[in-house]
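Colleague: Can you keep this structure in mind? I'll have questions shortly.
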Amino acid sequence: MERAAHDRGGWPTDAPIDRAEHELADWELLMDAIVGSLGRSGAMNVDELRRAIESMEPAAYDAASYYERWLFAAETILAEKGVLSPGELDRRMAR
Amino acid sequence: MSFTPGERVHVSSRAHNGHHRTPGYLKGKTGTVERVHDRFLNPETRAYGEDGTPAQRLYLVGFELGDLWPTYRGGAGDRLAADVFEHWLEPAP
């Protein structure tokens with residue numbers, strides 16, 4: 001049975017487990033707050049967030065950090081629901 | 001079909017396209033119900049904008065690591081516990 005990129009319990013690997021603690025960047029804290037706000041306002045729930053994360057291309061999933069996956073998922077779901085129009089975030093970031 | 005603590009249960013290995021919370025490494029495996037949690041809104045429909053009703057019973061199911069990983073070399077009594085929704089469980093054959 002084919003398993004999605006996130007469903008990796010038992011995947012063989014020789015890589016060591018990274019147990020290093022790290023400080024969260026400001027944008028990561030902000031991403032956490034945005035997803036929390038979207039949940040409390042009813043705009044997006046955690047199951048939608050997870051579904052969007054799981055829909056990432058495997059290579060993109062592997063390359064992305066935890067909160068980069070949240071950003072991808074929030075943008076995906078909000079675009080799906082018409083809250084964001086296609087390309088809206090890119091246009092705003094280009095200003 | 002509901003289950004009680006101590007009951008042997010089999011995790012369904014049916015194909016499922018779309019979001020679900022049953023890890024692939026548990027599908028087709030047999031474990032023991034350790035605890036009956038509450039009912040929770042169904043993430044499989046909630047993930048697509050529905051309200052998740054009817055709520056589904058969630059169970060804590062324990063597995064022998066040797067049953068999950070044929071090459072497991074750890075202790076014989078080592079176990080893993082995972083939350084599994086009722087609609088993914090069947091009575092163990």
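How things are named: the first chain in the structure tokens is A, the next is B, and so on; residues count from 1 in each chain; ligands count from 1 in the order shown.
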Might you pull out every residue within 8 Å of stretch 44-46 of chain A, with only C-alpha atoms counted and same-chain residues fewer than 5 positions away left off, and present them as a PDB file with C-alpha atoms, in the first residue's frame?
Modeller:
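part-v1.pdb, freshly written:
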ATOM      1  CA  VAL A  35      -2.966  29.134  12.389  1.00  0.00           C
ATOM      2  CA  LEU A  38      -7.669  30.771  11.779  1.00  0.00           C
ATOM      3  CA  GLY A  39      -8.794  27.843  13.938  1.00  0.00           C
ATOM      4  CA  ALA A  74      -2.581  27.613   5.392  1.00  0.00           C
ATOM      5  CA  ILE A  77      -6.621  25.883   2.410  1.00  0.00           C
ATOM      6  CA  LEU A  78      -7.307  29.632   2.330  1.00  0.00           C
TER       7      LEU A  78
ATOM      8  CA  ARG B  46     -13.538  17.466   8.880  1.00  0.00           C
ATOM      9  CA  ALA B  47     -10.387  17.671   6.763  1.00  0.00           C
TER      10      ALA B  47
END
Colleague: For A:Ala73, find every residue with an atom within 9 Å (counting only C-alpha atoms), except residues of its own chain fewer than 5 positions away, and show them as a count of residues only.
Modeller: 11
Colleague: Residues of chain B were defined as contacting chain A if any atom lay at most 10 Å from it, counting only C-alpha atoms; please report them as a list in words.
Modeller: Ser13, Arg14, Ala15, His16, Gly18, His19, His20, Arg21, Thr22, Pro23, Gly24, Tyr25, Leu26, Lys27, Asn42, Pro43, Glu44, Thr45, Arg46, Ala47, Tyr48, Gly49, Glu50, Gly52, Leu68 and Trp69 of chain B
Colleague: Residues of stretch 13-73 of chain B classed as helix (DSSP H, G or I) by DSSP on the backbone are to be reported as a list in words.
Modeller: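 Assigned to helix (DSSP H, G or I), within stretch 13-73 of chain B: Gly24, Tyr25, Leu26, Pro43, Glu44, Thr45, Arg46, Leu65, Gly66, Asp67 and Leu68 of chain B.
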Colleague: Could you give me, as a PyMOL selection string, the residues within 8 Å of B:Gly28, counting only C-alpha atoms and dropping anything in the same chain fewer than 3 positions from it?
Modeller: chain B and resi 10-13
Colleague: Under the rule that only C-alpha atoms are counted, which of A:Ala64, A:Ala5, A:Val83, A:Leu71 is the nearest residue to A:Asp32?
Modeller: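 Once distances to A:Asp32 are computed over only C-alpha atoms, the minimum belongs to A:Leu71.
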Colleague: So how far away is atom CA of B:His37 from atom CA of B:Leu80, in Å?
Modeller: 16.8 Å
Colleague: Check the smallest atom-to-atom distance from each of B:Thr71, B:Asn17, B:Thr4, B:Thr53 to B:Glu34 using only C-alpha atoms, then report the winner.
Modeller: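 Smallest separation from B:Glu34 among the options: B:Thr4.
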Colleague: Calculate how many Å separate atom CA of A:Arg91 from atom CA of A:Trp70, rounding to one decimal.
Modeller: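 Pair atom CA of A:Arg91 / atom CA of A:Trp70 returns 19.7 Å.
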Colleague: Considering only C-alpha atoms, return as a PyMOL selection string whatever protein or nucleic-acid residues lie within 7 Å of stretch 83-87 of chain B, sequence-local ones (same chain, fewer than 5 positions apart) excluded.
Modeller: chain B and resi 22+56-61
Colleague: If you run DSSP on the backbone, which residues of stretch 1-51 of chain B are strand (DSSP E or B), as a list of chain:residue names?
Modeller: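 Secondary structure check on stretch 1-51 of chain B, strand (DSSP E or B): B:Arg8, B:Val9, B:His10, B:Val11, B:Thr30, B:Gly31, B:Thr32, B:Val33, B:Glu34, B:Arg35, B:Val36, B:His37, B:Asp38, B:Arg39, B:Phe40.
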Colleague: Neighbours of A:Leu30 within 10 Å (only C-alpha atoms; same-chain residues fewer than 6 positions away dropped), as a list in words?
Modeller: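 Here the answer would be Leu24, Gly36 and Tyr67 of chain A.
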